>>> print(open('start-v1.csv').read())   # CSV, C-alpha atoms and all ligand atoms
chain,number,residue,atom,x,y,z
A,1,MET,CA,179.5,210.1,113.2
A,2,LEU,CA,183.2,210.4,114.1
A,3,SER,CA,182.8,213.7,115.9
A,4,GLN,CA,179.9,212.1,117.9
A,5,ILE,CA,182.2,209.1,118.8
A,6,ARG,CA,185.0,211.5,119.7
A,7,THR,CA,182.7,213.4,122.0
A,8,LYS,CA,181.7,210.2,123.7
A,9,VAL,CA,185.4,209.1,124.1
A,10,GLU,CA,186.3,212.5,125.5
A,11,ALA,CA,183.5,212.1,128.1
A,12,GLY,CA,184.9,208.6,129.0
A,13,GLN,CA,181.9,206.9,127.6
A,14,ARG,CA,182.0,203.5,125.9
A,15,VAL,CA,181.5,203.1,122.2
A,16,THR,CA,178.9,200.7,121.0
A,17,LYS,CA,179.3,197.8,118.6
A,18,GLU,CA,177.7,199.8,115.8
A,19,GLU,CA,180.1,202.7,116.5
A,20,GLY,CA,183.0,200.2,116.5
A,21,LEU,CA,181.9,198.9,113.1
A,22,TYR,CA,181.8,202.4,111.8
A,23,LEU,CA,185.3,203.0,112.9
A,24,LEU,CA,186.5,199.8,111.4
A,25,LYS,CA,184.7,200.1,108.1
A,26,GLU,CA,184.1,203.7,107.3
A,27,ALA,CA,186.1,206.2,109.3
A,28,HIS,CA,189.2,207.7,107.6
A,29,LEU,CA,192.3,205.9,108.8
A,30,LEU,CA,194.2,209.1,109.8
A,31,ASP,CA,191.1,210.4,111.7
A,32,LEU,CA,191.3,207.4,114.0
A,33,ALA,CA,194.8,208.2,115.4
A,34,PRO,CA,193.9,211.2,117.5
A,35,VAL,CA,190.9,209.5,119.1
A,36,ALA,CA,193.0,206.4,119.9
A,37,GLN,CA,195.8,208.6,121.3
A,38,LEU,CA,193.2,210.2,123.6
A,39,VAL,CA,192.4,206.8,125.1
A,40,ARG,CA,196.1,205.9,125.2
A,41,SER,CA,197.0,209.0,127.1
A,42,ARG,CA,194.2,208.3,129.6
A,43,HIS,CA,195.7,204.9,130.4
A,44,ASN,CA,199.3,205.8,129.9
A,45,PRO,CA,199.7,209.6,130.2
A,46,GLU,CA,203.5,209.7,129.8
A,47,PRO,CA,205.3,209.5,126.4
A,48,VAL,CA,206.9,206.2,127.4
A,49,VAL,CA,206.8,203.1,125.3
A,50,THR,CA,207.6,199.8,127.0
A,51,PHE,CA,209.1,196.6,125.8
A,52,VAL,CA,210.0,193.3,127.3
A,53,VAL,CA,213.2,191.2,126.8
A,54,ASP,CA,211.6,187.9,126.0
A,55,THR,CA,211.9,184.8,124.0
A,56,ASN,CA,209.5,182.3,122.4
A,57,LEU,CA,210.3,178.7,123.1
A,58,ASN,CA,208.5,175.6,122.0
A,59,TYR,CA,208.4,172.2,123.8
A,60,THR,CA,206.6,170.1,121.2
A,61,ASN,CA,205.4,170.5,117.7
A,62,VAL,CA,203.1,167.4,117.9
A,63,CYS,CA,199.5,168.5,117.7
A,64,ASP,CA,196.2,166.9,117.0
A,65,ALA,CA,194.3,170.1,116.2
A,66,TYR,CA,195.4,170.5,112.6
A,67,CYS,CA,194.4,174.2,112.3
A,68,THR,CA,194.4,175.3,108.7
A,69,PHE,CA,196.2,178.5,109.4
A,70,CYS,CA,199.1,176.8,111.2
A,71,ALA,CA,202.5,175.9,109.6
A,72,PHE,CA,204.0,174.8,112.9
A,73,TYR,CA,202.3,171.6,113.9
A,74,ARG,CA,203.4,168.0,113.0
A,75,THR,CA,201.5,164.8,113.4
A,76,GLU,CA,202.8,161.9,115.5
A,77,ARG,CA,204.0,160.2,112.3
A,78,ASP,CA,205.9,163.1,110.8
A,79,PRO,CA,209.7,162.5,110.8
A,80,ASP,CA,210.5,166.1,112.0
A,81,ARG,CA,208.2,166.0,115.0
A,82,TYR,CA,209.7,166.7,118.4
A,83,THR,CA,208.9,166.7,122.1
A,84,HIS,CA,211.6,168.2,124.3
A,85,THR,CA,212.3,166.8,127.7
A,86,VAL,CA,212.1,169.1,130.7
A,87,GLU,CA,215.9,169.1,130.8
A,88,GLN,CA,216.1,170.2,127.1
A,89,VAL,CA,213.7,173.0,127.7
A,90,MET,CA,215.7,174.1,130.8
A,91,GLU,CA,218.8,174.3,128.7
A,92,GLN,CA,217.0,176.8,126.4
A,93,VAL,CA,215.7,178.7,129.4
A,94,ALA,CA,219.2,178.9,130.8
A,95,ARG,CA,220.5,180.3,127.5
A,96,ALA,CA,217.7,182.8,127.4
A,97,GLU,CA,218.6,184.0,130.9
A,98,GLY,CA,222.2,184.5,129.7
A,99,GLN,CA,220.8,186.8,127.0
A,100,GLY,CA,219.1,189.0,129.7
A,101,VAL,CA,215.6,187.5,129.0
A,102,THR,CA,213.1,188.2,131.8
A,103,THR,CA,210.0,186.6,130.2
A,104,VAL,CA,209.9,183.2,128.6
A,105,LEU,CA,206.8,182.6,126.4
A,106,LEU,CA,206.6,178.8,126.1
A,107,GLN,CA,204.0,177.2,123.9
A,108,GLY,CA,203.5,173.9,122.0
A,109,GLY,CA,201.1,171.8,120.0
A,110,LEU,CA,198.3,170.0,121.6
A,111,ASN,CA,200.2,166.8,122.3
A,112,PRO,CA,197.9,164.1,123.7
A,113,SER,CA,200.7,162.0,125.2
A,114,LEU,CA,202.0,164.6,127.6
A,115,PRO,CA,200.7,164.3,131.3
A,116,LEU,CA,200.0,167.3,133.5
A,117,GLU,CA,203.1,166.5,135.5
A,118,TYR,CA,205.2,167.4,132.5
A,119,TYR,CA,203.8,170.9,132.4
A,120,GLU,CA,204.1,171.3,136.1
A,121,ASP,CA,207.7,170.3,136.0
A,122,LEU,CA,208.4,172.9,133.3
A,123,VAL,CA,207.0,175.7,135.5
A,124,ARG,CA,208.5,174.4,138.7
A,125,GLU,CA,212.0,173.9,137.3
A,126,THR,CA,211.9,177.3,135.6
A,127,ARG,CA,211.0,179.0,138.9
A,128,ARG,CA,213.5,177.0,140.9
A,129,ARG,CA,216.5,177.3,138.6
A,130,HIS,CA,215.8,180.7,137.0
A,131,PRO,CA,214.0,182.9,139.5
A,132,SER,CA,214.6,186.0,137.5
A,133,ILE,CA,212.5,184.6,134.6
A,134,THR,CA,208.7,184.8,134.5
A,135,PRO,CA,207.1,181.7,133.0
A,136,HIS,CA,204.5,183.1,130.6
A,137,PHE,CA,203.5,179.6,129.6
A,138,PHE,CA,200.7,177.6,127.8
A,139,SER,CA,197.9,179.3,125.9
A,140,ALA,CA,194.2,178.5,126.4
A,141,PRO,CA,194.1,175.5,124.0
A,142,GLU,CA,197.0,173.9,125.8
A,143,VAL,CA,195.3,174.4,129.1
A,144,GLN,CA,192.2,172.8,127.7
A,145,LYS,CA,194.3,169.9,126.5
A,146,MET,CA,195.8,169.4,129.9
A,147,ALA,CA,192.3,169.2,131.4
A,148,GLN,CA,191.2,166.7,128.7
A,149,VAL,CA,194.3,164.4,129.2
A,150,SER,CA,194.3,164.6,133.0
A,151,GLY,CA,190.5,164.4,133.4
A,152,LEU,CA,190.7,167.4,135.8
A,153,SER,CA,188.6,170.5,135.6
A,154,LEU,CA,190.1,173.7,134.1
A,155,ARG,CA,190.1,175.2,137.6
A,156,GLU,CA,192.1,172.2,139.0
A,157,VAL,CA,194.6,172.3,136.2
A,158,LEU,CA,195.2,176.1,136.7
A,159,GLN,CA,195.5,175.6,140.4
A,160,ARG,CA,198.2,173.0,139.8
A,161,LEU,CA,200.1,175.3,137.5
A,162,LYS,CA,199.7,178.1,140.0
A,163,ALA,CA,201.0,175.9,142.8
A,164,ALA,CA,204.0,175.1,140.6
A,165,GLY,CA,204.7,178.9,140.3
A,166,GLN,CA,202.9,180.2,137.3
A,167,TYR,CA,200.8,183.4,137.3
A,168,SER,CA,200.8,184.6,133.7
A,169,ILE,CA,199.3,183.1,130.6
A,170,PRO,CA,199.6,184.2,127.0
A,171,GLY,CA,196.6,184.9,124.9
A,172,GLY,CA,197.3,182.7,121.9
A,173,GLY,CA,194.6,180.4,120.5
A,174,SER,CA,191.9,183.0,120.2
A,175,GLU,CA,192.5,183.8,116.5
A,176,VAL,CA,189.2,185.6,115.9
A,177,LEU,CA,186.7,185.0,118.7
A,178,SER,CA,183.8,184.2,116.5
A,179,ASP,CA,182.4,180.6,116.2
A,180,ARG,CA,181.5,181.4,112.6
A,181,VAL,CA,185.2,182.0,111.8
A,182,LYS,CA,186.5,179.2,114.0
A,183,HIS,CA,184.1,176.8,112.1
A,184,ARG,CA,185.8,177.9,108.8
A,185,ILE,CA,189.4,177.7,109.9
A,186,SER,CA,189.5,174.7,112.2
A,187,ARG,CA,189.1,171.2,111.0
A,188,LEU,CA,188.1,169.9,114.4
A,189,PHE,CA,185.3,172.4,115.2
A,190,PRO,CA,183.3,172.4,117.5
A,191,LYS,CA,186.6,171.8,119.5
A,192,GLY,CA,188.2,175.1,120.1
A,193,ARG,CA,185.1,177.2,120.3
A,194,VAL,CA,185.0,180.8,121.5
A,195,ALA,CA,183.7,179.6,124.9
A,196,ASP,CA,186.7,177.3,125.3
A,197,TRP,CA,189.2,180.2,125.1
A,198,VAL,CA,187.0,182.4,127.3
A,199,ASP,CA,186.6,179.7,129.9
A,200,VAL,CA,190.3,179.4,130.4
A,201,HIS,CA,190.9,183.1,130.7
A,202,ARG,CA,187.9,183.7,133.0
A,203,GLU,CA,189.0,180.9,135.3
A,204,ALA,CA,192.6,182.0,135.2
A,205,HIS,CA,191.6,185.6,136.1
A,206,ARG,CA,189.4,184.3,139.0
A,207,LEU,CA,192.5,182.5,140.4
A,208,GLY,CA,194.6,185.7,140.1
A,209,PHE,CA,196.5,184.9,136.9
A,210,LYS,CA,197.3,187.8,134.6
A,211,THR,CA,196.8,187.0,130.9
A,212,THR,CA,197.1,188.7,127.5
A,213,ALA,CA,194.5,188.8,124.8
A,214,THR,CA,195.4,188.4,121.2
A,215,MET,CA,193.9,188.4,117.7
A,216,MET,CA,195.1,186.8,114.5
A,217,TYR,CA,193.2,188.5,111.7
A,218,GLY,CA,193.4,188.8,108.0
A,219,HIS,CA,191.9,185.5,106.8
A,220,LEU,CA,188.2,184.6,106.6
A,221,GLU,CA,186.7,187.0,109.2
A,222,GLU,CA,184.4,190.0,108.5
A,223,PRO,CA,184.5,193.3,110.3
A,224,GLU,CA,181.5,192.1,112.4
A,225,ASP,CA,183.6,189.2,113.7
A,226,ILE,CA,186.4,191.6,114.7
A,227,ILE,CA,184.0,193.8,116.7
A,228,ALA,CA,182.5,190.6,118.3
A,229,HIS,CA,186.0,189.6,119.3
A,230,LEU,CA,186.7,193.0,120.9
A,231,ASP,CA,183.3,193.0,122.6
A,232,THR,CA,183.9,189.6,124.1
A,233,LEU,CA,187.3,190.8,125.5
A,234,ARG,CA,185.8,194.0,126.9
A,235,SER,CA,183.0,192.1,128.7
A,236,LEU,CA,185.4,189.6,130.1
A,237,GLN,CA,187.8,192.3,131.3
A,238,ASP,CA,184.9,193.9,133.1
A,239,GLU,CA,184.5,190.8,135.3
A,240,HIS,CA,188.0,190.5,136.8
A,241,HIS,CA,190.4,192.9,135.1
A,242,GLY,CA,192.8,190.1,134.5
A,243,PHE,CA,194.0,191.2,131.0
A,244,THR,CA,197.2,193.2,130.8
A,245,ALA,CA,197.3,193.9,127.1
A,246,PHE,CA,195.8,193.3,123.7
A,247,ILE,CA,198.1,192.1,120.9
A,248,HIS,CA,197.1,191.7,117.3
A,249,TRP,CA,198.9,190.3,114.3
A,250,SER,CA,198.0,189.3,110.8
A,251,TYR,CA,197.8,185.8,109.4
A,252,LYS,CA,200.9,184.7,107.4
A,253,ARG,CA,200.0,182.4,104.5
A,254,GLU,CA,203.1,180.4,103.7
A,255,ASN,CA,203.1,176.6,104.3
A,256,THR,CA,199.5,176.7,105.6
A,257,ALA,CA,196.4,174.9,104.2
A,258,LEU,CA,194.3,178.0,104.6
A,259,ALA,CA,196.4,179.9,101.9
A,260,THR,CA,194.3,178.4,99.2
A,261,ARG,CA,191.3,180.4,100.5
A,262,VAL,CA,193.1,183.6,101.4
A,263,LYS,CA,194.7,185.2,98.4
A,264,GLU,CA,196.8,187.9,100.1
A,265,GLU,CA,198.1,188.9,103.5
A,266,ALA,CA,196.7,192.0,105.2
A,267,GLY,CA,199.1,195.0,104.9
A,268,PRO,CA,199.9,197.9,107.2
A,269,ASN,CA,196.7,199.8,106.8
A,270,PRO,CA,194.4,197.1,108.4
A,271,TYR,CA,197.0,196.7,111.1
A,272,LEU,CA,197.0,200.4,112.0
A,273,ARG,CA,193.2,200.6,111.7
A,274,LEU,CA,192.7,197.7,114.0
A,275,CYS,CA,195.3,199.1,116.5
A,276,ALA,CA,193.3,202.3,116.8
A,277,VAL,CA,189.9,200.7,116.9
A,278,ALA,CA,191.1,198.2,119.6
A,279,ARG,CA,192.5,201.1,121.7
A,280,ILE,CA,189.2,203.0,121.4
A,281,TYR,CA,186.9,199.9,122.0
A,282,LEU,CA,188.9,198.2,124.8
A,283,ASP,CA,188.5,201.1,127.2
A,284,ASN,CA,189.2,198.8,130.1
A,285,PHE,CA,192.5,197.4,128.8
A,286,PRO,CA,195.6,199.1,130.3
A,287,HIS,CA,197.9,198.3,127.3
A,288,ILE,CA,197.8,197.9,123.5
A,289,GLN,CA,200.9,196.3,122.0
A,290,ALA,CA,202.4,197.3,118.6
A,291,SER,CA,204.2,194.6,116.8
A,292,TRP,CA,207.6,195.3,115.2
A,293,PHE,CA,207.7,191.6,114.7
A,294,SER,CA,204.7,190.6,112.6
A,295,GLU,CA,204.2,193.8,110.6
A,296,GLY,CA,207.7,195.2,110.3
A,297,ALA,CA,209.5,197.8,112.3
A,298,LYS,CA,208.1,200.9,110.4
A,299,THR,CA,204.5,199.8,110.8
A,300,GLY,CA,205.2,199.1,114.5
A,301,GLN,CA,206.6,202.6,114.9
A,302,VAL,CA,203.5,204.2,113.3
A,303,ALA,CA,201.3,202.1,115.5
A,304,LEU,CA,202.7,203.9,118.5
A,305,HIS,CA,200.8,206.9,117.1
A,306,PHE,CA,197.6,204.8,116.6
A,307,GLY,CA,197.0,204.0,120.3
A,308,ALA,CA,199.7,201.5,121.1
A,309,ASP,CA,201.9,202.1,124.2
A,310,ASP,CA,204.0,198.9,124.1
A,311,PHE,CA,206.5,197.6,121.5
A,312,GLY,CA,206.2,193.9,122.5
A,313,GLY,CA,209.1,191.7,123.1
A,314,THR,CA,212.5,190.9,121.6
A,315,LEU,CA,211.2,187.4,120.8
A,316,PHE,CA,214.7,186.0,120.5
A,317,ASP,CA,213.8,182.4,119.4
A,318,GLU,CA,210.5,182.8,117.7
A,319,THR,CA,209.8,179.8,115.3
A,320,VAL,CA,206.1,179.5,114.8
A,321,MET,CA,205.8,182.4,112.3
A,322,GLN,CA,209.2,181.4,110.9
A,323,GLU,CA,207.5,178.1,109.8
A,324,ALA,CA,205.0,180.3,107.9
A,325,GLY,CA,207.8,182.0,106.0
A,326,TRP,CA,208.0,185.0,108.3
A,327,TYR,CA,211.5,185.7,109.6
A,328,ASN,CA,212.2,188.8,111.6
A,329,ARG,CA,214.8,189.4,114.3
A,330,THR,CA,215.9,192.3,116.5
A,331,THR,CA,218.1,193.3,119.5
A,332,VAL,CA,217.4,195.3,122.6
A,333,GLU,CA,219.5,198.2,121.0
A,334,GLU,CA,217.4,198.2,117.9
A,335,VAL,CA,214.1,198.2,119.8
A,336,VAL,CA,215.3,201.1,122.0
A,337,SER,CA,216.3,203.1,118.9
A,338,LEU,CA,213.1,202.3,117.1
A,339,ILE,CA,211.1,203.6,120.0
A,340,GLN,CA,213.2,206.7,120.3
A,341,GLU,CA,213.0,207.3,116.6
A,342,ALA,CA,209.2,207.2,116.9
A,343,GLY,CA,209.4,210.0,119.4
A,344,PHE,CA,209.0,208.2,122.7
A,345,VAL,CA,211.0,207.3,125.8
A,346,PRO,CA,211.8,203.6,125.8
A,347,ALA,CA,211.4,201.6,129.0
A,348,GLN,CA,212.1,197.9,129.7
A,349,ARG,CA,209.2,196.2,131.5
A,350,ASN,CA,208.5,192.8,133.0
A,351,THR,CA,205.6,190.5,132.2
A,352,LEU,CA,203.3,192.5,134.5
A,353,TYR,CA,204.2,195.8,132.8
A,354,GLU,CA,206.2,197.0,135.8
A,355,ILE,CA,209.1,199.2,134.6
A,356,LEU,CA,212.6,197.8,135.1
A,357,ARG,CA,214.6,200.4,133.4
A,358,TYR,CA,214.2,203.7,131.5
A,359,TYR,CA,216.3,204.5,128.5
A,360,PRO,CA,217.2,208.1,127.4
A,361,ALA,CA,214.5,210.2,125.8
A,362,PRO,CA,214.9,210.8,122.0
A,363,ALA,CA,217.0,213.8,121.0
A,364,THR,CA,214.1,215.3,119.0
A,365,THR,CA,210.5,215.5,120.0
A,366,GLY,CA,209.4,213.1,117.3
A,367,PRO,CA,206.5,213.3,114.9
A,368,GLY,CA,203.9,215.8,116.0
A,369,GLY,CA,206.2,217.1,118.8
A,370,ARG,CA,204.5,214.7,121.3
A,371,LEU,CA,207.2,214.7,123.8
A,372,GLY,CA,206.9,218.5,124.1
A,373,THR,CA,203.3,218.3,125.0
A,374,TRP,CA,203.4,215.4,127.4
A,375,ALA,CA,205.1,215.5,130.8
A,376,VAL,CA,207.8,212.9,131.3
A,377,GLY,CA,207.4,211.2,134.6
A,378,ALA,CA,210.0,210.7,137.4
A,379,GLY,CA,212.8,208.5,136.2
A,380,ALA,CA,211.9,208.7,132.5
A,381,GLY,CA,214.9,209.7,130.5
A,382,ALA,CA,217.4,208.3,133.0
A,383,ALA,CA,219.6,205.6,131.7
B,401,LIG,S1,197.8,176.7,116.0
B,401,LIG,FE1,198.3,175.5,117.8
B,401,LIG,S2,196.6,174.1,118.1
B,401,LIG,FE2,196.4,174.8,116.0
B,401,LIG,S3,197.6,173.3,114.8
B,401,LIG,FE3,199.0,174.9,115.3
B,401,LIG,S4,200.0,174.1,117.2
B,401,LIG,FE4,198.1,173.0,117.0
>>> encode(input="start-v1.csv", output="C-alpha cells", more="lines below")
Ligand code: SF4
Amino acid sequence: MLSQIRTKVEAGQRVTKEEGLYLLKEAHLLDLAPVAQLVRSRHNPEPVVTFVVDTNLNYTNVCDAYCTFCAFYRTERDPDRYTHTVEQVMEQVARAEGQGVTTVLLQGGLNPSLPLEYYEDLVRETRRRHPSITPHFFSAPEVQKMAQVSGLSLREVLQRLKAAGQYSIPGGGSEVLSDRVKHRISRLFPKGRVADWVDVHREAHRLGFKTTATMMYGHLEEPEDIIAHLDTLRSLQDEHHGFTAFIHWSYKRENTALATRVKEEAGPNPYLRLCAVARIYLDNFPHIQASWFSEGAKTGQVALHFGADDFGGTLFDETVMQEAGWYNRTTVEEVVSLIQEAGFVPAQRNTLYEILRYYPAPATTGPGGRLGTWAVGAGAGAA
C-alpha cells in the first residue's frame, strides 16, 4: 500500500481518506519521512527552515466556555481572573517590539463583557503605535464571541477588524475538527462545533485574511477523527487558499479536567507520524510547522525531516500551556542553532512567511546530507 501511495504522491495525485488512515495507523514511522519530504520539497524546494520572532500575549483569562482540556480560563468569580485594558496590552506589545518581535499572537478567553470596540482598539492601536508588528490576533471562537456579543454577523465583525488593520488570524480553537470529539471535550457543546470554526476561517479567507490551521491531538480522538480534520482543512483550502500553515501540538494534561479521562500524554512518535501524514495529506498547504515548543527541541528537529519546513515562533511570553504545567523557553540564537544542527539554513520570516533574513548555512550537511543534494537559493547562507 505504501508504494502505491508513494507513486500517487510522486505523480502529484491526492491521497484518499482511506490512504490517509493507512498512513496514520499502519505504515512504519520511518517509511513516512521520505514521502513527506517529497511533498515538502515540492512546496519548499530549498533546504531552508523558517522561523518567526513572535510572542504570545493574553488580554483576558475570563471565559465562559469551560473547555475540559484548558488550564488557562477563569470564571468571573475567580480571584485570579484578569482583563487587561488596551493600554496594558500596548505596554506588553511595546516590550515585545523592543525584543525584536515582528508577530504578536494575542488571544484570550471568551469574555462576554467585552464589546467589539475593545478588540478593534487593540488592533488599531497596535498598528498605529507599532507598525513593524503584525497583529496575529483572536482565534475563531473569539471571533464567534464578538459576533454573539455585538449582534453582528461574522462577516461584519471580520470587516470591522480588517478596517482596524488586521489581516491575519491564528488557527486556535479547532482542537480536533470532529463534532464527535468536540462533544466529548466541551461542556457547552453544541457551541463550538466544527462548522463554527470553519465558518470563521472561510469568511476570513473570503475577505482576504490569511490564517493558520491547527490541531491539538492526543486526548479522546480516534485516527478517523484526525483524518476527518485534515480532510476538512484540505477542502477549505481548495476554496480560497487562505491558510498559510498547519500546526499541530499534543494535549497537555496538568491542571485540566480532561486529565481524569486521558491517562498519558502523546509522545514524540505520534507527533512525527502526524507531521508526516499532514504534509502528505495537505497537498495544498504551503507550510507545515514543527514545534520545538510543545514537543521539545529534539522532536522539533526530527520533525524537519518528517515534512515540516518551519520551526514556529520564539513565543517569548507564552502562558496558556504554562498553566497546564508545560514550561519551555528559547531565544533566537537557540532556534537558529537548532535549525542549523538539523542540517538546514535558518531564515527569519514574517507572519505571511516572507523571508526577512537568512542565517548562515550549517557547517556540515546534516543528517542524510540533505544540503548537499538540494540547491540553496539566492541569499540563503548570507548573514
Ligand atoms: S480553550 Fe479557550 S475557549 Fe476553551 S476554556 Fe480555554 S480560554 Fe476558554
>>> closest_atom_pairs(input="start-v1.csv", of="chain A", to="ligand LIG 401 (chain B)", cutoff="10 Å", atoms="only C-alpha atoms and all ligand atoms", output="tab-separated table")
residue	atom	partner	partner_atom	distance
A:Asn58	CA	B:LIG401	S4	9.9
A:Thr60	CA	B:LIG401	S4	8.7
A:Asn61	CA	B:LIG401	S4	6.5
A:Val62	CA	B:LIG401	S4	7.4
A:Cys63	CA	B:LIG401	FE4	4.8
A:Asp64	CA	B:LIG401	FE4	6.4
A:Ala65	CA	B:LIG401	S3	4.8
A:Tyr66	CA	B:LIG401	S3	4.2
A:Cys67	CA	B:LIG401	S3	4.2
A:Thr68	CA	B:LIG401	S3	7.2
A:Phe69	CA	B:LIG401	S1	7.0
A:Cys70	CA	B:LIG401	FE3	4.5
A:Ala71	CA	B:LIG401	FE3	6.8
A:Phe72	CA	B:LIG401	FE3	5.5
A:Tyr73	CA	B:LIG401	S4	4.7
A:Arg74	CA	B:LIG401	S3	8.1
A:Thr75	CA	B:LIG401	S3	9.5
A:Gln107	CA	B:LIG401	S4	8.4
A:Gly108	CA	B:LIG401	S4	5.9
A:Gly109	CA	B:LIG401	S4	3.8
A:Leu110	CA	B:LIG401	FE4	5.5
A:Asn111	CA	B:LIG401	FE4	8.4
A:Ser139	CA	B:LIG401	FE1	9.0
A:Ala140	CA	B:LIG401	S2	9.7
A:Pro141	CA	B:LIG401	S2	6.6
A:Glu142	CA	B:LIG401	S2	7.7
A:Lys145	CA	B:LIG401	S2	9.7
A:Gly172	CA	B:LIG401	FE1	8.3
A:Gly173	CA	B:LIG401	S1	6.6
A:Ser174	CA	B:LIG401	S1	9.6
A:Glu175	CA	B:LIG401	S1	8.9
A:Ile185	CA	B:LIG401	FE2	9.7
A:Ser186	CA	B:LIG401	FE2	7.9
A:Arg187	CA	B:LIG401	S3	9.5
A:Leu188	CA	B:LIG401	FE2	9.8
A:Gly192	CA	B:LIG401	S2	8.7
A:Thr256	CA	B:LIG401	FE3	9.9
A:Val320	CA	B:LIG401	FE3	8.5
>>> atom_distance(input="start-v1.csv", atom1="CA of Asp179 in chain A", atom2="CA of Gly208 in chain A")
27.3 Å
>>> closest_residue(input="start-v1.csv", among="A:Arg206, A:Lys182, A:Arg77, A:His248", to="Phe311 in chain A", atoms="all atoms listed in the file")
A:His248
>>> atom_distance(input="start-v1.csv", atom1="CA of Leu105 in chain A", atom2="CA of Ile169 in chain A")
8.6 Å
>>> closest_residue(input="start-v1.csv", among="A:Met216, A:Ile5, A:Val302, A:Ala204", to="Phe344 in chain A", atoms="all atoms listed in the file")
A:Val302
>>> atom_distance(input="start-v1.csv", atom1="CA of Pro34 in chain A", atom2="CA of Phe306 in chain A")
7.4 Å
>>> decode(input="start-v1.csv", residues="range 125-140 of chain A", atoms="N, CA and C atoms", output="PDB file, in the first residue's frame")
ATOM      1  N   GLU A 125      -4.649  50.262  17.701  1.00  0.00           N
ATOM      2  CA  GLU A 125      -3.536  50.859  18.455  1.00  0.00           C
ATOM      3  C   GLU A 125      -2.220  50.120  18.209  1.00  0.00           C
ATOM      4  N   THR A 126      -2.297  48.823  18.024  1.00  0.00           N
ATOM      5  CA  THR A 126      -1.071  48.080  17.682  1.00  0.00           C
ATOM      6  C   THR A 126      -0.527  48.572  16.350  1.00  0.00           C
ATOM      7  N   ARG A 127      -1.405  48.697  15.382  1.00  0.00           N
ATOM      8  CA  ARG A 127      -0.998  49.177  14.059  1.00  0.00           C
ATOM      9  C   ARG A 127      -0.434  50.598  14.118  1.00  0.00           C
ATOM     10  N   ARG A 128      -1.109  51.460  14.874  1.00  0.00           N
ATOM     11  CA  ARG A 128      -0.728  52.882  14.912  1.00  0.00           C
ATOM     12  C   ARG A 128       0.602  53.073  15.650  1.00  0.00           C
ATOM     13  N   ARG A 129       0.740  52.397  16.782  1.00  0.00           N
ATOM     14  CA  ARG A 129       1.931  52.644  17.602  1.00  0.00           C
ATOM     15  C   ARG A 129       3.113  51.757  17.223  1.00  0.00           C
ATOM     16  N   HIS A 130       2.820  50.590  16.651  1.00  0.00           N
ATOM     17  CA  HIS A 130       3.900  49.631  16.383  1.00  0.00           C
ATOM     18  C   HIS A 130       3.753  49.065  14.978  1.00  0.00           C
ATOM     19  N   PRO A 131       3.985  49.902  13.962  1.00  0.00           N
ATOM     20  CA  PRO A 131       3.742  49.442  12.586  1.00  0.00           C
ATOM     21  C   PRO A 131       4.623  48.276  12.154  1.00  0.00           C
ATOM     22  N   SER A 132       5.719  48.024  12.869  1.00  0.00           N
ATOM     23  CA  SER A 132       6.575  46.893  12.471  1.00  0.00           C
ATOM     24  C   SER A 132       6.004  45.562  12.962  1.00  0.00           C
ATOM     25  N   ILE A 133       4.951  45.617  13.753  1.00  0.00           N
ATOM     26  CA  ILE A 133       4.386  44.386  14.312  1.00  0.00           C
ATOM     27  C   ILE A 133       3.089  44.007  13.583  1.00  0.00           C
ATOM     28  N   THR A 134       2.977  42.723  13.251  1.00  0.00           N
ATOM     29  CA  THR A 134       1.733  42.220  12.649  1.00  0.00           C
ATOM     30  C   THR A 134       0.826  41.708  13.746  1.00  0.00           C
ATOM     31  N   PRO A 135      -0.396  42.243  13.832  1.00  0.00           N
ATOM     32  CA  PRO A 135      -1.341  41.685  14.807  1.00  0.00           C
ATOM     33  C   PRO A 135      -1.956  40.379  14.305  1.00  0.00           C
ATOM     34  N   HIS A 136      -1.478  39.279  14.853  1.00  0.00           N
ATOM     35  CA  HIS A 136      -1.989  37.930  14.538  1.00  0.00           C
ATOM     36  C   HIS A 136      -2.925  37.600  15.707  1.00  0.00           C
ATOM     37  N   PHE A 137      -4.140  38.193  15.669  1.00  0.00           N
ATOM     38  CA  PHE A 137      -4.995  38.262  16.856  1.00  0.00           C
ATOM     39  C   PHE A 137      -6.240  37.381  16.716  1.00  0.00           C
ATOM     40  N   PHE A 138      -6.758  36.915  17.833  1.00  0.00           N
ATOM     41  CA  PHE A 138      -8.127  36.389  18.019  1.00  0.00           C
ATOM     42  C   PHE A 138      -8.422  35.144  17.167  1.00  0.00           C
ATOM     43  N   SER A 139      -8.473  34.005  17.834  1.00  0.00           N
ATOM     44  CA  SER A 139      -8.825  32.773  17.127  1.00  0.00           C
ATOM     45  C   SER A 139     -10.337  32.700  16.890  1.00  0.00           C
ATOM     46  N   ALA A 140     -10.746  31.669  16.135  1.00  0.00           N
ATOM     47  CA  ALA A 140     -12.145  31.581  15.670  1.00  0.00           C
ATOM     48  C   ALA A 140     -13.181  31.679  16.798  1.00  0.00           C
TER      49      ALA A 140
END
